[in-house]
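To start, the structure itself, in structure tokens.
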Amino acid sequence: MKTVSLLCRGPSLKDVSLLPICDTLILVNTWVDELNDPNIEKYISSHKNIIHSVTNNCGWHLMKDNGFYEKYNVKKILLPYVDLSACSPFDTRFSHKQHQGNTLPLICDNKSLKNIKDRDGNKIPVELLTDKNIDDMVRTHRYDFCAPTSGVDCLLHSVNDLGADVVNIIGMDFYDGFGYYSDSKRDDDTAIKQGLMDIGTPEKMKLFVCNFIEKHSNVIFNIFTMAELKNDIKNLNIINVVKE
């Protein structure tokens with residue numbers, strides 16, 4: 001049985017010690033201040049196989065400067081985008097019209113990302129999401145294939161690419177007031193006319209996640225969260241974390 005822990009950075013992360021140690025640990029975006037929490041640091045240190053998911057603007061360079069990759073067992077850097085055969089990592093030939101203006105070309109052009117070394121001095125491989133994730137994604141005006149947030153992209157990756165049997169999630173609190181797509185939404189009428197989806201709101205993010213979990217009924221999902229979610233999904237266990 002393959003187990004994966006997915007750590008996002010919402011306030012429920014404070015109770016990370018409730019999670020078991022898993023075969024693979026995925027960290028989403030920038031981890032700096034969080035590592036000052038002894039419980040979080042201990043949990044991350046206990047894993048031998050860590051994947052770090054980064055976007056161009058997530059501040060991964062801060063982690064590099066702080067020696068994160070040299071201290072922890074990071075085995076892979078994940079770019080939370082699907083390879084559409086129009087771009088591979090660090091390839092500047094990005095010309096897909098539907099994707100003009102997104103952040104992927106900036107990541108691809110950033111040579112320093114592919115030169116990050118692990119604690120043994122070896123270069124850490126950098127990968128994209130595989131096409132296996134496409135069936136679980138939606139189209140927005142910004143991307144042909146995507147999920148609501150980087151954290152949800154990693155949720156898809158856990159199941160579709162890693163083949164997890166059990167996924168433990170914490171720090172995914174479905175934040176309100178801001179989100180990955182909050183700076184690029186279109187009104188619902190425009191989106192509907194163009195066959196696109198606005199998935200940046202907390203409620204739509206919840207719906208996306210719950211639909212994904214129900215679809216993958218062969219996988220057990222344990223979500224430690226402060227958010228309210230549907231509690232009638234057979235393969236979903238919700239552990240409510242109390243806000244301090």
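Identifiers in the structure tokens: chain A, B, ... in order shown; residue index from 1 per chain; ligand index from 1 in order shown.
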
With region 67-80 of chain A as the partner and 6 Å as the cut-off, tabulate the residues of region 114-162 of chain A that qualify, each row holding the nearest pair of atoms and their distance in Å to one decimal, using only C-alpha atoms, sorted by chain and rising number, as a tab-separated table.
residue	atom	partner	partner_atom	distance
A:Asp118	CA	A:Glu70	CA	5.1
A:Arg119	CA	A:Glu70	CA	4.0
A:Ile124	CA	A:Lys76	CA	5.7
A:Pro125	CA	A:Lys76	CA	5.3
A:Val126	CA	A:Ile77	CA	4.7
A:Glu127	CA	A:Leu78	CA	5.1
A:Leu128	CA	A:Leu79	CA	4.9
A:Leu129	CA	A:Pro80	CA	6.0
A:Asp153	CA	A:Pro80	CA	5.9

Subject >> Selection near Phe208 (chain A), 12 Å with only C-alpha atoms, sequence-local residues under 6 positions removed, as an NGL selection string >> reply: :A and (136-138 or 146-149 or 152-153 or 155-156 or 174 or 197-202 or 214-215 or 229-230)

What parts of region 204-240 of chain A does DSSP call helix (DSSP H, G or I)? I'd like the answer as a tab-separated table (two decimals) with C-alpha atoms, in the first residue's frame.
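After the write, out11.tsv holds the following:
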chain	number	residue	atom	x	y	z
A	204	LYS	CA	-15.81	25.82	-6.36
A	205	MET	CA	-12.45	24.62	-5.12
A	206	LYS	CA	-14.23	22.43	-2.56
A	207	LEU	CA	-16.53	21.06	-5.26
A	208	PHE	CA	-13.58	20.29	-7.52
A	209	VAL	CA	-11.74	18.43	-4.75
A	210	CYS	CA	-14.81	16.48	-3.62
A	211	ASN	CA	-15.65	15.47	-7.18
A	212	PHE	CA	-12.09	14.27	-7.69
A	213	ILE	CA	-12.20	12.23	-4.49
A	214	GLU	CA	-15.53	10.63	-5.38
A	215	LYS	CA	-14.26	9.76	-8.85

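Relative to CA of Lys114 (chain A), CA of Gly59 (chain A) is found at 14.9 Å.
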
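The interatomic distance for the pair CA of Lys243 (chain A) and CA of Ser12 (chain A) works out to 7.4 Å.
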
Original post:
Taking into account only C-alpha atoms, which residue in the set A:His61, A:Val166, A:Asp232, A:Val28 is nearest to Ile220 (chain A)?
Top reply: A:Val166

**OP:** Name the residues in contact with Leu6 (chain A) at a cut-off of 12 Å, using only C-alpha atoms, excluding same-chain residues fewer than 6 positions from it; report them as a PyMOL selection string.
**Re:** chain A and resi 13+16+19-29+43-44+50-53+150-159+164+166-172+221-224

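Here CA of Tyr175 (chain A) is placed at a distance of 28.8 Å from CA of Lys2 (chain A).
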